[in-house]
Amino acid sequence: MATLSDVAARAGVSVSAVSRVLSDAPSARVSAATRQRIHDAARELDYRPNFAARALKSSRTNVIGLVVPDVTNAIFAELMRGVEEEALAHGNMVLIARTEGMPEGEDTIPRLIGEGRVDGVLLQVGDAMRAEDLRILLAAPLPIIFINSVHPDHVGSVTLDDGRGIRIATEHLIGLGHRRIGFVGGLPRSDSGQRREAGFRAAMADAGLEVAEGLVTRLGYEPKQGGAAMALLAGLDESPTAIVVANVNAAHGALLEARRLGLGVPHDLSIVAMHDAWTAANAWPPLTTVRMPLAELGRQAVQAILKRIETGDLADHVVREPAPELIVRESTAEPTAARR
């Protein structure tokens with residue numbers, strides 16, 4: 001196995017220079033050419049740093065914890081890709097944990113922070129996250145950054161421009177000629193759910209359209225909850241001709257319930273959802289969605305947690321670029337003449 005001395009000899013520099021460059025130390029004052037020569041030598045020799053020794057010396061593990069509700073959720077795939085790519089670019093690894101569906105008595109969060117496994121935690125709060133786990137995280141001295149939610153104490157966060165994304169979805173339906181539009185939202189306590197509902201209401205108000213309270217549901221983002229919301233909306237005396245769903249997972253439940261009720265999509269009902277995933281493209285009909293910059297959300301979350309570790313920065317950031325993108329598929333169309 002190659003050592004620092006081997007890399008130094010190949011690059012023609014001192015061992016200390018190699019150590020500083022490969023650990024991204026601020027004190028590594030070398031030219032760009034020398035830095036490249038060191039990295040080339042390390043790659044040619046297949047050099048692998050001794051992270052255990054580095055952790056003992058720096059009191060850092062160079063590991064970031066990523067806590068998400070469910071690792072099988074298609075939406076989180078893009079988020080995790082962004083987190084891993086940015087972490088690796090800064091010489092860090094990612095330890096992933098989930099907070100929902102864990103066996104009773106499994107103390108994932110206390111173990112994650114209590115055993116010194118990570119330098120900081122990126123946290124995506126789910127609807128079913130145990131309050132005790134959140135309390136333990138916030139009470140620990142470990143740096144934490146919330147992903148797509150803002151804690152009331154403003155302990156640091158990176159969020160999407162949810163209002164802008166939902167506005168794009170709503171304006172798409174308005175542009176098709178829909179006027180009675182329903183909203184399938186998150187739980188009332190959900191921070192992202194509140195932002196998305198506000199975006200929906202703003203878009204409707206700007207178009208001069210009324211939002212009857214019966215057209216707004218706040219049951220959650222899961223497929224089962226989306227199906228329950230669809231049943232409520234379809235049961236109204238004046239049901240909507242289109243719905244904006246605040247999460248693509250809930251949209252799948254709404255689509256299934258619409259089919260069970262005998263509603264044709266998009267003939268009887270148009271559906272547009274927040275977030276894009278492979279599941280949306282493979283639904284029937286394929287779902288129109290608004291693609292949000294989830295990979296960039298992950299990248300900026302890593303940048304935020306590293307800055308928090310190094311400087312204690314507690315800022316709340318909003319990812320505005322790349323901008324949300326409307327992906328038009330087959331679940332939206334103009335309302336039929338009979339339903340205008």
# chains A, B, ... in the order shown; residues from 1 in each chain; ligands from 1
call {"tool": "residues_around", "arguments": {"residues": "stretch 91-97 of chain A", "least_positions_apart": "3", "cutoff": "9 Å", "atoms": "only C-alpha atoms", "output": "mmCIF file with N, CA and C atoms, in the first residue's frame"}}
result
data_model
loop_
_atom_site.group_PDB
_atom_site.id
_atom_site.type_symbol
_atom_site.label_atom_id
_atom_site.label_comp_id
_atom_site.auth_asym_id
_atom_site.auth_seq_id
_atom_site.Cartn_x
_atom_site.Cartn_y
_atom_site.Cartn_z
ATOM 1 N N LEU A 22 -3.480 16.918 0.214
ATOM 2 C CA LEU A 22 -4.472 15.839 0.158
ATOM 3 C C LEU A 22 -5.537 15.953 1.243
ATOM 4 N N SER A 23 -5.262 16.736 2.282
ATOM 5 C CA SER A 23 -6.261 16.947 3.334
ATOM 6 C C SER A 23 -6.976 18.279 3.174
ATOM 7 N N ASP A 24 -6.680 18.979 2.043
ATOM 8 C CA ASP A 24 -7.304 20.278 1.770
ATOM 9 C C ASP A 24 -7.066 21.277 2.894
ATOM 10 N N THR A 61 -13.910 13.180 11.938
ATOM 11 C CA THR A 61 -14.078 11.883 11.293
ATOM 12 C C THR A 61 -14.129 11.999 9.783
ATOM 13 N N ASN A 62 -14.352 13.228 9.280
ATOM 14 C CA ASN A 62 -14.573 13.461 7.848
ATOM 15 C C ASN A 62 -15.738 12.624 7.324
ATOM 16 N N VAL A 63 -16.746 12.474 8.184
ATOM 17 C CA VAL A 63 -17.976 11.774 7.819
ATOM 18 C C VAL A 63 -19.156 12.677 8.172
ATOM 19 N N ILE A 64 -20.085 12.819 7.225
ATOM 20 C CA ILE A 64 -21.299 13.604 7.427
ATOM 21 C C ILE A 64 -22.483 12.653 7.514
ATOM 22 N N GLY A 65 -23.338 12.849 8.488
ATOM 23 C CA GLY A 65 -24.536 12.040 8.604
ATOM 24 C C GLY A 65 -25.672 12.640 7.786
ATOM 25 N N LEU A 66 -26.367 11.805 7.035
ATOM 26 C CA LEU A 66 -27.550 12.229 6.286
ATOM 27 C C LEU A 66 -28.732 11.428 6.814
ATOM 28 N N VAL A 67 -29.653 12.092 7.470
ATOM 29 C CA VAL A 67 -30.811 11.429 8.062
ATOM 30 C C VAL A 67 -32.046 11.794 7.258
ATOM 31 N N VAL A 68 -32.675 10.790 6.644
ATOM 32 C CA VAL A 68 -33.865 11.000 5.815
ATOM 33 C C VAL A 68 -34.984 10.091 6.308
ATOM 34 N N PRO A 69 -36.229 10.416 5.985
ATOM 35 C CA PRO A 69 -37.339 9.585 6.455
ATOM 36 C C PRO A 69 -37.284 8.161 5.907
ATOM 37 N N ASP A 70 -36.985 8.017 4.609
ATOM 38 C CA ASP A 70 -37.087 6.699 3.967
ATOM 39 C C ASP A 70 -36.105 6.633 2.804
ATOM 40 N N VAL A 71 -35.117 5.754 2.885
ATOM 41 C CA VAL A 71 -34.096 5.697 1.838
ATOM 42 C C VAL A 71 -34.621 5.103 0.543
ATOM 43 N N MET A 80 -29.685 12.572 -2.389
ATOM 44 C CA MET A 80 -28.523 11.824 -1.904
ATOM 45 C C MET A 80 -27.366 11.886 -2.887
ATOM 46 N N VAL A 83 -25.644 15.173 -2.266
ATOM 47 C CA VAL A 83 -24.921 15.133 -0.994
ATOM 48 C C VAL A 83 -23.622 14.353 -1.142
ATOM 49 N N GLU A 84 -23.698 13.177 -1.734
ATOM 50 C CA GLU A 84 -22.506 12.335 -1.854
ATOM 51 C C GLU A 84 -21.449 12.969 -2.747
ATOM 52 N N GLU A 86 -20.904 16.166 -3.438
ATOM 53 C CA GLU A 86 -20.271 17.336 -2.804
ATOM 54 C C GLU A 86 -19.399 16.917 -1.629
ATOM 55 N N ALA A 87 -19.863 15.937 -0.869
ATOM 56 C CA ALA A 87 -19.068 15.462 0.264
ATOM 57 C C ALA A 87 -17.742 14.887 -0.213
ATOM 58 N N LEU A 88 -17.782 14.058 -1.248
ATOM 59 C CA LEU A 88 -16.557 13.467 -1.791
ATOM 60 C C LEU A 88 -15.613 14.536 -2.319
ATOM 61 N N THR A 108 -31.254 4.661 16.569
ATOM 62 C CA THR A 108 -30.366 5.088 15.491
ATOM 63 C C THR A 108 -29.766 6.464 15.744
ATOM 64 N N ILE A 109 -30.607 7.423 16.089
ATOM 65 C CA ILE A 109 -30.139 8.802 16.257
ATOM 66 C C ILE A 109 -29.177 8.933 17.434
ATOM 67 N N LEU A 112 -25.893 7.525 16.431
ATOM 68 C CA LEU A 112 -25.234 8.309 15.386
ATOM 69 C C LEU A 112 -24.439 9.461 15.991
ATOM 70 N N ARG A 117 -19.483 9.182 15.476
ATOM 71 C CA ARG A 117 -19.330 8.627 14.127
ATOM 72 C C ARG A 117 -19.276 9.707 13.050
ATOM 73 N N VAL A 118 -19.892 10.873 13.307
ATOM 74 C CA VAL A 118 -19.992 11.907 12.283
ATOM 75 C C VAL A 118 -19.588 13.265 12.853
#
call {"tool": "residues_around", "arguments": {"residues": "stretch 239-242 of chain A", "least_positions_apart": "6", "cutoff": "9 Å", "atoms": "only C-alpha atoms", "output": "PyMOL selection string"}}
result
chain A and resi 173+178-183+215+233+266+268-272+332+335-336+339-340
call {"tool": "closest_residue", "arguments": {"among": "A:Leu314, A:Arg81, A:Val18, A:Glu197", "to": "A:Thr217", "atoms": "only C-alpha atoms"}}
result
A:Glu197
call {"tool": "select_by_dssp", "arguments": {"residues": "stretch 180-315 of chain A", "states": "alpha helix (DSSP H)", "output": "number ranges by chain"}}
result
A: 191-206, 223-234, 248-260, 278-281, 294-311
call {"tool": "select_by_dssp", "arguments": {"residues": "stretch 63-303 of chain A", "states": "strand (DSSP E or B)", "output": "PyMOL selection string"}}
result
chain A and resi 63-68+93-98+120-123+144-147+157-160+181-185+216-218+242-245+270-274+288-291
call {"tool": "residues_around", "arguments": {"residues": "A:Gln300", "least_positions_apart": "3", "cutoff": "9 Å", "atoms": "only C-alpha atoms", "output": "count of residues only"}}
result
12
call {"tool": "atom_distance", "arguments": {"atom1": "atom CA of A:Asp276", "atom2": "atom CA of A:Leu123"}}
result
21.0 Å
call {"tool": "atom_distance", "arguments": {"atom1": "atom CA of A:Asp316", "atom2": "atom CA of A:Ala74"}}
result
25.6 Å
call {"tool": "residues_around", "arguments": {"residues": "A:Ala11", "least_positions_apart": "5", "cutoff": "7 Å", "atoms": "only C-alpha atoms", "output": "JSON, numbers by chain"}}
result
{"A": [37, 38, 41]}
call {"tool": "closest_residue", "arguments": {"among": "A:Val211, A:Val318, A:Ala337, A:Ala169", "to": "A:Ala301", "atoms": "only C-alpha atoms"}}
result
A:Val318
call {"tool": "closest_residue", "arguments": {"among": "A:Thr288, A:Glu171, A:Leu306, A:Gly193", "to": "A:Gly208", "atoms": "only C-alpha atoms"}}
result
A:Glu171
call {"tool": "closest_residue", "arguments": {"among": "A:Leu176, A:Leu160, A:Ile147, A:Ala8", "to": "A:Arg291", "atoms": "only C-alpha atoms"}}
result
A:Leu160
call {"tool": "atom_distance", "arguments": {"atom1": "atom CA of A:Ala246", "atom2": "atom CA of A:Leu219"}}
result
10.7 Å
call {"tool": "closest_residue", "arguments": {"among": "A:Ser19, A:Gly177, A:Lys307, A:Lys224", "to": "A:Leu209", "atoms": "only C-alpha atoms"}}
result
A:Gly177
call {"tool": "decode", "arguments": {"residues": "stretch 287-306 of chain A", "atoms": "N, CA, C and O atoms", "output": "PDB file, in the first residue's frame"}}
result
ATOM      1  N   LEU A 287     -47.197  11.354 -15.277  1.00  0.00           N
ATOM      2  CA  LEU A 287     -47.590  12.552 -14.534  1.00  0.00           C
ATOM      3  C   LEU A 287     -46.819  13.803 -14.966  1.00  0.00           C
ATOM      4  O   LEU A 287     -45.588  13.784 -15.084  1.00  0.00           O
ATOM      5  N   THR A 288     -47.556  14.872 -15.154  1.00  0.00           N
ATOM      6  CA  THR A 288     -46.933  16.185 -15.327  1.00  0.00           C
ATOM      7  C   THR A 288     -46.409  16.623 -13.960  1.00  0.00           C
ATOM      8  O   THR A 288     -47.107  16.508 -12.949  1.00  0.00           O
ATOM      9  N   THR A 289     -45.176  17.106 -13.921  1.00  0.00           N
ATOM     10  CA  THR A 289     -44.555  17.463 -12.647  1.00  0.00           C
ATOM     11  C   THR A 289     -43.772  18.769 -12.766  1.00  0.00           C
ATOM     12  O   THR A 289     -43.551  19.279 -13.865  1.00  0.00           O
ATOM     13  N   VAL A 290     -43.334  19.257 -11.621  1.00  0.00           N
ATOM     14  CA  VAL A 290     -42.378  20.360 -11.566  1.00  0.00           C
ATOM     15  C   VAL A 290     -41.101  19.792 -10.964  1.00  0.00           C
ATOM     16  O   VAL A 290     -41.096  19.348  -9.809  1.00  0.00           O
ATOM     17  N   ARG A 291     -40.060  19.779 -11.772  1.00  0.00           N
ATOM     18  CA  ARG A 291     -38.777  19.233 -11.317  1.00  0.00           C
ATOM     19  C   ARG A 291     -38.056  20.274 -10.467  1.00  0.00           C
ATOM     20  O   ARG A 291     -37.799  21.392 -10.918  1.00  0.00           O
ATOM     21  N   MET A 292     -37.741  19.904  -9.245  1.00  0.00           N
ATOM     22  CA  MET A 292     -37.037  20.785  -8.315  1.00  0.00           C
ATOM     23  C   MET A 292     -35.558  20.396  -8.249  1.00  0.00           C
ATOM     24  O   MET A 292     -35.209  19.237  -8.468  1.00  0.00           O
ATOM     25  N   PRO A 293     -34.669  21.357  -7.959  1.00  0.00           N
ATOM     26  CA  PRO A 293     -33.228  21.089  -7.978  1.00  0.00           C
ATOM     27  C   PRO A 293     -32.756  20.329  -6.736  1.00  0.00           C
ATOM     28  O   PRO A 293     -32.031  20.863  -5.881  1.00  0.00           O
ATOM     29  N   LEU A 294     -33.144  19.067  -6.627  1.00  0.00           N
ATOM     30  CA  LEU A 294     -32.836  18.281  -5.433  1.00  0.00           C
ATOM     31  C   LEU A 294     -31.351  17.979  -5.295  1.00  0.00           C
ATOM     32  O   LEU A 294     -30.814  17.976  -4.183  1.00  0.00           O
ATOM     33  N   ALA A 295     -30.680  17.708  -6.409  1.00  0.00           N
ATOM     34  CA  ALA A 295     -29.239  17.439  -6.328  1.00  0.00           C
ATOM     35  C   ALA A 295     -28.506  18.686  -5.835  1.00  0.00           C
ATOM     36  O   ALA A 295     -27.588  18.593  -5.000  1.00  0.00           O
ATOM     37  N   GLU A 296     -28.909  19.845  -6.330  1.00  0.00           N
ATOM     38  CA  GLU A 296     -28.287  21.099  -5.879  1.00  0.00           C
ATOM     39  C   GLU A 296     -28.622  21.363  -4.411  1.00  0.00           C
ATOM     40  O   GLU A 296     -27.793  21.900  -3.667  1.00  0.00           O
ATOM     41  N   LEU A 297     -29.810  20.984  -3.997  1.00  0.00           N
ATOM     42  CA  LEU A 297     -30.181  21.090  -2.587  1.00  0.00           C
ATOM     43  C   LEU A 297     -29.196  20.284  -1.737  1.00  0.00           C
ATOM     44  O   LEU A 297     -28.719  20.754  -0.697  1.00  0.00           O
ATOM     45  N   GLY A 298     -28.882  19.061  -2.202  1.00  0.00           N
ATOM     46  CA  GLY A 298     -27.924  18.231  -1.478  1.00  0.00           C
ATOM     47  C   GLY A 298     -26.540  18.848  -1.439  1.00  0.00           C
ATOM     48  O   GLY A 298     -25.864  18.829  -0.404  1.00  0.00           O
ATOM     49  N   ARG A 299     -26.113  19.387  -2.581  1.00  0.00           N
ATOM     50  CA  ARG A 299     -24.773  19.993  -2.638  1.00  0.00           C
ATOM     51  C   ARG A 299     -24.670  21.185  -1.682  1.00  0.00           C
ATOM     52  O   ARG A 299     -23.690  21.320  -0.935  1.00  0.00           O
ATOM     53  N   GLN A 300     -25.668  22.055  -1.720  1.00  0.00           N
ATOM     54  CA  GLN A 300     -25.606  23.232  -0.865  1.00  0.00           C
ATOM     55  C   GLN A 300     -25.767  22.880   0.609  1.00  0.00           C
ATOM     56  O   GLN A 300     -25.244  23.576   1.489  1.00  0.00           O
ATOM     57  N   ALA A 301     -26.467  21.791   0.893  1.00  0.00           N
ATOM     58  CA  ALA A 301     -26.584  21.337   2.280  1.00  0.00           C
ATOM     59  C   ALA A 301     -25.219  20.915   2.821  1.00  0.00           C
ATOM     60  O   ALA A 301     -24.868  21.217   3.964  1.00  0.00           O
ATOM     61  N   VAL A 302     -24.445  20.206   1.988  1.00  0.00           N
ATOM     62  CA  VAL A 302     -23.095  19.804   2.405  1.00  0.00           C
ATOM     63  C   VAL A 302     -22.216  21.035   2.617  1.00  0.00           C
ATOM     64  O   VAL A 302     -21.484  21.135   3.613  1.00  0.00           O
ATOM     65  N   GLN A 303     -22.285  21.983   1.709  1.00  0.00           N
ATOM     66  CA  GLN A 303     -21.508  23.215   1.868  1.00  0.00           C
ATOM     67  C   GLN A 303     -21.880  23.921   3.173  1.00  0.00           C
ATOM     68  O   GLN A 303     -21.017  24.436   3.889  1.00  0.00           O
ATOM     69  N   ALA A 304     -23.178  23.911   3.490  1.00  0.00           N
ATOM     70  CA  ALA A 304     -23.647  24.582   4.700  1.00  0.00           C
ATOM     71  C   ALA A 304     -23.161  23.881   5.962  1.00  0.00           C
ATOM     72  O   ALA A 304     -22.757  24.539   6.926  1.00  0.00           O
ATOM     73  N   ILE A 305     -23.196  22.533   5.967  1.00  0.00           N
ATOM     74  CA  ILE A 305     -22.772  21.826   7.178  1.00  0.00           C
ATOM     75  C   ILE A 305     -21.268  21.941   7.379  1.00  0.00           C
ATOM     76  O   ILE A 305     -20.790  22.083   8.506  1.00  0.00           O
ATOM     77  N   LEU A 306     -20.499  21.947   6.289  1.00  0.00           N
ATOM     78  CA  LEU A 306     -19.051  22.110   6.426  1.00  0.00           C
ATOM     79  C   LEU A 306     -18.723  23.518   6.943  1.00  0.00           C
ATOM     80  O   LEU A 306     -17.823  23.687   7.778  1.00  0.00           O
TER      81      LEU A 306
END
